[in-house]
There are 2 protein chains.
Amino acid sequence: MGIRERKERHKENLKAQILEAAKRLFVKEGYAATSIRKIAAEIEFSPTTIYLYYKDKSDIAYALHQEGFLLFRERLAVLELVEHPFERLRAMGKAYIQFALDHPDFYEVMFIMREPMDYLETHHPEQDWPEGERVLDGLFQTIHACQQAGYFTDIGTQEMAILSWNVVHGLCSLHITGHFRSIAEKCAPHQDFKKDSLLEDVFQAYMKVIERMK
Amino acid sequence: MGIRERKERHKENLKAQILEAAKRLFVKEGYAATSIRKIAAEIEFSPTTIYLYYKDKSDIAYALHQEGFLLFRERLAVLELVEHPFERLRAMGKAYIQFALDHPDFYEVMFIMREPMDYLETHHPEQDWPEGERVLDGLFQTIHACQQAGYFTDIGTQEMAILSWNVVHGLCSLHITGHFRSIAEKCAPHQDFKKDSLLEDVFQAYMKVIERMK
DNA sequence: TTGCATAATTAACAGTGTTAACTAAATTTG
DNA sequence: CAAATTTAGTTAACACTGTTAATTATGCAA
């Protein structure tokens, strides 16, 4: 029955419309200011309609979380072309930082906020963060390739991967939450340029440190 | 006038009482569940009384932020006794991680939440995060001492300090926000112990990496 | 045409931070 | 000493928030 399919498509459409509206508000005013009522107003439906398509607000947070990872993986995909594993690792780190700078709201919902993780645990306790693991798998492979090329062979692959992730996440999260605002000036009072390049500088320091481990 | 002083003390007392009540609720149920109305109920005053002693909720968040740093500095203080700078750095990292595990709510208000930082920027734009800078200064000194002892001499002191901070902050923040819950199991499916010691393991890996830089 | 499932709505609950207007008590002033 | 004024705290209200139960409208099959 064609009509039923059209209905189905309409339903999928509305779910997508809700997410689009949520995304618009979200990138414009941040997650905190993105209320269910505002999303409803944006698509000109009643607030309760949202609940026919999303369980609760954390469900929407998780949907945005997934959208963010979609964008993020797009950026990482092209880095597969970088042949040398160590240079690929460097490119991944740079891409990670650039993504956080370009899309701070998405970064927040992907790596800082509790809400999407709470949704996973309470509504889908069986599975465990597929988005994160998928990206981390790519990092594992690159780290492993580095080790095969002779880099940091005396450190565990997983430890090295998570360590590298931590360095860039530490940088990006402290930057986004505003904890670097004053630190940057203090670090380089007479060097204006450093204020803006603190993230790059520290990441480069890390790469310099692990480069020596060959 | 003795009465005036007693009044003053009472006023200070009430401000302190509010903070104590806020702290109680905060460590028991987390910041999100700590509403102004609940704080008021706890001390048996009307909600609007809170606003006579704190500008707004972010002001209270900042007060809790300061309380957290008080606790934190207590733990760091004893580490001054560790003579060898590299071992002192290791002890600082361990203490940082242990603090985050023992007081996740305080850690959140100190290093993850936007609200206290927003308070500083909007209500006191002239000064810039004294708590963070004070702790970071201690780290600078230890890193500098390490460099004088021959460690990582080819990296800038500030870069190395912020890098080290980033490593432990990355670990603690991802742990607290729940982003490590599933990762830990994936990393060591047949090693149960690792699930609990992921933070220590990765931190040790970092120390191993920078130890080689002598 | 009647009955039924579905989609969307209205109304309401229980809460949130915050402000303006008001009361009662204490203190200063004439 | 009485009047005026400052201070501390309260009540009531505004404009929101997420969420649920009950209700209406709509399109489909028997």
# chains A, B, ... in the order shown; residues from 1 in each chain; ligands from 1
>>> interface_residues(of="chain B", to="chain D", cutoff="10 Å", atoms="only C-alpha atoms (C1' of nucleotides)", output="list in words")
Lys11, Phe45, Ser46, Pro47, Thr48, Thr49 and Leu52 of chain B
>>> write_last_selection(atoms="C-alpha atoms", output="PDB file, in the first residue's frame")
ATOM      1  CA  LYS B  11      25.744  37.783  58.140  1.00  0.00           C
ATOM      2  CA  PHE B  45      15.118  30.388  54.726  1.00  0.00           C
ATOM      3  CA  SER B  46      13.156  31.709  51.812  1.00  0.00           C
ATOM      4  CA  PRO B  47      14.746  31.177  48.360  1.00  0.00           C
ATOM      5  CA  THR B  48      15.158  34.895  47.773  1.00  0.00           C
ATOM      6  CA  THR B  49      17.365  35.222  50.849  1.00  0.00           C
ATOM      7  CA  LEU B  52      21.172  38.682  49.416  1.00  0.00           C
TER       8      LEU B  52
END
>>> residues_around(residues="Arg88 in chain B", least_positions_apart="5", cutoff="8 Å", atoms="only C-alpha atoms (C1' of nucleotides)", output="PDB file with C-alpha atoms, in the first residue's frame")
ATOM      1  CA  LEU B  79      54.042  16.632  47.933  1.00  0.00           C
ATOM      2  CA  GLU B  80      56.508  19.483  48.402  1.00  0.00           C
ATOM      3  CA  VAL B  82      59.209  14.791  47.627  1.00  0.00           C
ATOM      4  CA  GLU B  83      62.753  15.838  46.874  1.00  0.00           C
ATOM      5  CA  THR B 142      58.278  21.163  39.272  1.00  0.00           C
TER       6      THR B 142
END
>>> closest_residue(among="B:Ile39, B:Met117, B:Leu89, B:Ala100", to="Gln66 in chain B", atoms="only C-alpha atoms")
B:Met117
>>> closest_atom_pairs(of="chain B", to="chain C", cutoff="8 Å", atoms="only C-alpha atoms (C1' of nucleotides)", output="JSON lines")
{"residue": "B:Ser35", "atom": "CA", "partner": "C:DT16", "partner_atom": "C1'", "distance": 7.6}
{"residue": "B:Ile36", "atom": "CA", "partner": "C:DG17", "partner_atom": "C1'", "distance": 7.8}
{"residue": "B:Lys57", "atom": "CA", "partner": "C:DG17", "partner_atom": "C1'", "distance": 7.8}
>>> residues_around(residues="Leu120 in chain A", least_positions_apart="4", cutoff="10 Å", atoms="only C-alpha atoms (C1' of nucleotides)", output="PyMOL selection string")
chain A and resi 58-59+62+115-116+124-130
>>> write_last_selection(atoms="C-alpha atoms", output="PDB file, in the first residue's frame")
ATOM      1  CA  SER A  58      18.773  12.888  26.289  1.00  0.00           C
ATOM      2  CA  ASP A  59      17.583  10.943  23.234  1.00  0.00           C
ATOM      3  CA  TYR A  62      22.384  11.395  21.616  1.00  0.00           C
ATOM      4  CA  GLU A 115      23.563  13.424  28.721  1.00  0.00           C
ATOM      5  CA  PRO A 116      24.228  11.320  25.594  1.00  0.00           C
ATOM      6  CA  HIS A 124      20.483   0.762  25.799  1.00  0.00           C
ATOM      7  CA  PRO A 125      22.481  -0.884  28.573  1.00  0.00           C
ATOM      8  CA  GLU A 126      23.520  -3.798  26.362  1.00  0.00           C
ATOM      9  CA  GLN A 127      25.664  -1.884  23.890  1.00  0.00           C
ATOM     10  CA  ASP A 128      28.438   0.506  24.686  1.00  0.00           C
ATOM     11  CA  TRP A 129      29.237   3.688  22.755  1.00  0.00           C
ATOM     12  CA  PRO A 130      29.690   2.503  19.153  1.00  0.00           C
TER      13      PRO A 130
END
>>> closest_atom_pairs(of="chain A", to="chain B", cutoff="8 Å", atoms="only C-alpha atoms", output="JSON lines")
{"residue": "A:Phe111", "atom": "CA", "partner": "B:His179", "partner_atom": "CA", "distance": 7.1}
{"residue": "A:Ile112", "atom": "CA", "partner": "B:Thr177", "partner_atom": "CA", "distance": 6.5}
{"residue": "A:Met113", "atom": "CA", "partner": "B:Thr177", "partner_atom": "CA", "distance": 6.6}
{"residue": "A:Arg114", "atom": "CA", "partner": "B:Thr177", "partner_atom": "CA", "distance": 5.2}
{"residue": "A:Met117", "atom": "CA", "partner": "B:Gly178", "partner_atom": "CA", "distance": 6.3}
{"residue": "A:Asp118", "atom": "CA", "partner": "B:Gly178", "partner_atom": "CA", "distance": 7.9}
{"residue": "A:Asp128", "atom": "CA", "partner": "B:Ser182", "partner_atom": "CA", "distance": 5.3}
{"residue": "A:Trp129", "atom": "CA", "partner": "B:Ser182", "partner_atom": "CA", "distance": 6.6}
{"residue": "A:Glu133", "atom": "CA", "partner": "B:Ile183", "partner_atom": "CA", "distance": 6.9}
{"residue": "A:Ile155", "atom": "CA", "partner": "B:Ala205", "partner_atom": "CA", "distance": 6.5}
{"residue": "A:Gly156", "atom": "CA", "partner": "B:Ala205", "partner_atom": "CA", "distance": 8.0}
{"residue": "A:Gln158", "atom": "CA", "partner": "B:Cys187", "partner_atom": "CA", "distance": 6.6}
{"residue": "A:Glu159", "atom": "CA", "partner": "B:Val202", "partner_atom": "CA", "distance": 5.1}
{"residue": "A:Met160", "atom": "CA", "partner": "B:Ala205", "partner_atom": "CA", "distance": 7.1}
{"residue": "A:Ile162", "atom": "CA", "partner": "B:Val202", "partner_atom": "CA", "distance": 7.0}
{"residue": "A:Leu163", "atom": "CA", "partner": "B:Val202", "partner_atom": "CA", "distance": 5.9}
{"residue": "A:Trp165", "atom": "CA", "partner": "B:Gly170", "partner_atom": "CA", "distance": 7.9}
{"residue": "A:Asn166", "atom": "CA", "partner": "B:Gly170", "partner_atom": "CA", "distance": 4.4}
{"residue": "A:Val167", "atom": "CA", "partner": "B:Val167", "partner_atom": "CA", "distance": 5.0}
{"residue": "A:Val168", "atom": "CA", "partner": "B:Asn166", "partner_atom": "CA", "distance": 7.8}
{"residue": "A:His169", "atom": "CA", "partner": "B:Gly170", "partner_atom": "CA", "distance": 5.7}
{"residue": "A:Gly170", "atom": "CA", "partner": "B:Gly170", "partner_atom": "CA", "distance": 4.2}
{"residue": "A:Leu171", "atom": "CA", "partner": "B:Asn166", "partner_atom": "CA", "distance": 6.0}
{"residue": "A:Ser173", "atom": "CA", "partner": "B:Ile112", "partner_atom": "CA", "distance": 7.8}
{"residue": "A:Leu174", "atom": "CA", "partner": "B:Ile112", "partner_atom": "CA", "distance": 7.4}
{"residue": "A:Thr177", "atom": "CA", "partner": "B:Arg114", "partner_atom": "CA", "distance": 5.2}
{"residue": "A:Gly178", "atom": "CA", "partner": "B:Met117", "partner_atom": "CA", "distance": 6.3}
{"residue": "A:His179", "atom": "CA", "partner": "B:Met117", "partner_atom": "CA", "distance": 7.0}
{"residue": "A:Arg181", "atom": "CA", "partner": "B:Asp128", "partner_atom": "CA", "distance": 8.0}
{"residue": "A:Ser182", "atom": "CA", "partner": "B:Asp128", "partner_atom": "CA", "distance": 5.3}
{"residue": "A:Ile183", "atom": "CA", "partner": "B:Glu133", "partner_atom": "CA", "distance": 6.9}
{"residue": "A:Cys187", "atom": "CA", "partner": "B:Gln158", "partner_atom": "CA", "distance": 6.6}
{"residue": "A:Asp201", "atom": "CA", "partner": "B:Glu159", "partner_atom": "CA", "distance": 6.9}
{"residue": "A:Val202", "atom": "CA", "partner": "B:Glu159", "partner_atom": "CA", "distance": 5.1}
{"residue": "A:Phe203", "atom": "CA", "partner": "B:Leu163", "partner_atom": "CA", "distance": 7.7}
{"residue": "A:Ala205", "atom": "CA", "partner": "B:Glu159", "partner_atom": "CA", "distance": 6.4}
{"residue": "A:Tyr206", "atom": "CA", "partner": "B:Leu163", "partner_atom": "CA", "distance": 7.0}
{"residue": "A:Val209", "atom": "CA", "partner": "B:Ile210", "partner_atom": "CA", "distance": 7.0}
{"residue": "A:Ile210", "atom": "CA", "partner": "B:Val209", "partner_atom": "CA", "distance": 7.0}
{"residue": "A:Arg212", "atom": "CA", "partner": "B:Met213", "partner_atom": "CA", "distance": 7.8}
{"residue": "A:Met213", "atom": "CA", "partner": "B:Val209", "partner_atom": "CA", "distance": 7.5}
>>> write_last_selection(atoms="C-alpha atoms", output="PDB file, in the first residue's frame")
ATOM      1  CA  PHE A 111      33.013  14.297  24.390  1.00  0.00           C
ATOM      2  CA  ILE A 112      32.087  16.529  27.314  1.00  0.00           C
ATOM      3  CA  MET A 113      28.402  16.201  28.104  1.00  0.00           C
ATOM      4  CA  ARG A 114      27.011  13.499  30.315  1.00  0.00           C
ATOM      5  CA  MET A 117      26.204   8.806  27.646  1.00  0.00           C
ATOM      6  CA  ASP A 118      23.417   8.625  30.211  1.00  0.00           C
ATOM      7  CA  ASP A 128      28.438   0.506  24.686  1.00  0.00           C
ATOM      8  CA  TRP A 129      29.237   3.688  22.755  1.00  0.00           C
ATOM      9  CA  GLU A 133      34.856   2.871  19.763  1.00  0.00           C
ATOM     10  CA  ILE A 155      54.510   1.064  25.372  1.00  0.00           C
ATOM     11  CA  GLY A 156      51.231  -0.857  25.031  1.00  0.00           C
ATOM     12  CA  GLN A 158      46.052   0.708  23.875  1.00  0.00           C
ATOM     13  CA  GLU A 159      47.832   2.793  26.479  1.00  0.00           C
ATOM     14  CA  MET A 160      49.517   4.827  23.759  1.00  0.00           C
ATOM     15  CA  ILE A 162      44.295   6.441  24.886  1.00  0.00           C
ATOM     16  CA  LEU A 163      47.170   8.631  26.008  1.00  0.00           C
ATOM     17  CA  TRP A 165      43.465  10.819  22.730  1.00  0.00           C
ATOM     18  CA  ASN A 166      43.742  12.270  26.225  1.00  0.00           C
ATOM     19  CA  VAL A 167      46.259  14.872  25.181  1.00  0.00           C
ATOM     20  CA  VAL A 168      44.052  16.321  22.445  1.00  0.00           C
ATOM     21  CA  HIS A 169      40.864  15.917  24.465  1.00  0.00           C
ATOM     22  CA  GLY A 170      42.435  17.657  27.424  1.00  0.00           C
ATOM     23  CA  LEU A 171      43.397  20.558  25.188  1.00  0.00           C
ATOM     24  CA  SER A 173      37.853  20.406  26.472  1.00  0.00           C
ATOM     25  CA  LEU A 174      39.745  22.915  28.611  1.00  0.00           C
ATOM     26  CA  THR A 177      34.950  25.135  28.802  1.00  0.00           C
ATOM     27  CA  GLY A 178      36.867  28.406  29.126  1.00  0.00           C
ATOM     28  CA  HIS A 179      39.635  27.134  31.406  1.00  0.00           C
ATOM     29  CA  ARG A 181      41.135  31.843  28.566  1.00  0.00           C
ATOM     30  CA  SER A 182      43.398  33.399  31.152  1.00  0.00           C
ATOM     31  CA  ILE A 183      46.079  30.699  31.144  1.00  0.00           C
ATOM     32  CA  CYS A 187      51.877  31.731  29.584  1.00  0.00           C
ATOM     33  CA  ASP A 201      51.977  24.482  20.482  1.00  0.00           C
ATOM     34  CA  VAL A 202      51.179  21.947  23.180  1.00  0.00           C
ATOM     35  CA  PHE A 203      50.174  19.326  20.642  1.00  0.00           C
ATOM     36  CA  ALA A 205      55.295  19.474  22.081  1.00  0.00           C
ATOM     37  CA  TYR A 206      53.571  16.109  22.542  1.00  0.00           C
ATOM     38  CA  VAL A 209      58.120  14.010  22.850  1.00  0.00           C
ATOM     39  CA  ILE A 210      56.869  10.815  21.244  1.00  0.00           C
ATOM     40  CA  ARG A 212      62.026  10.787  20.126  1.00  0.00           C
ATOM     41  CA  MET A 213      60.764   7.325  21.077  1.00  0.00           C
TER      42      MET A 213
END
>>> atom_distance(atom1="CA of Phe86 in chain A", atom2="CA of Cys146 in chain A")
5.7 Å
>>> atom_distance(atom1="CA of Ala95 in chain B", atom2="CA of Phe72 in chain B")
8.8 Å
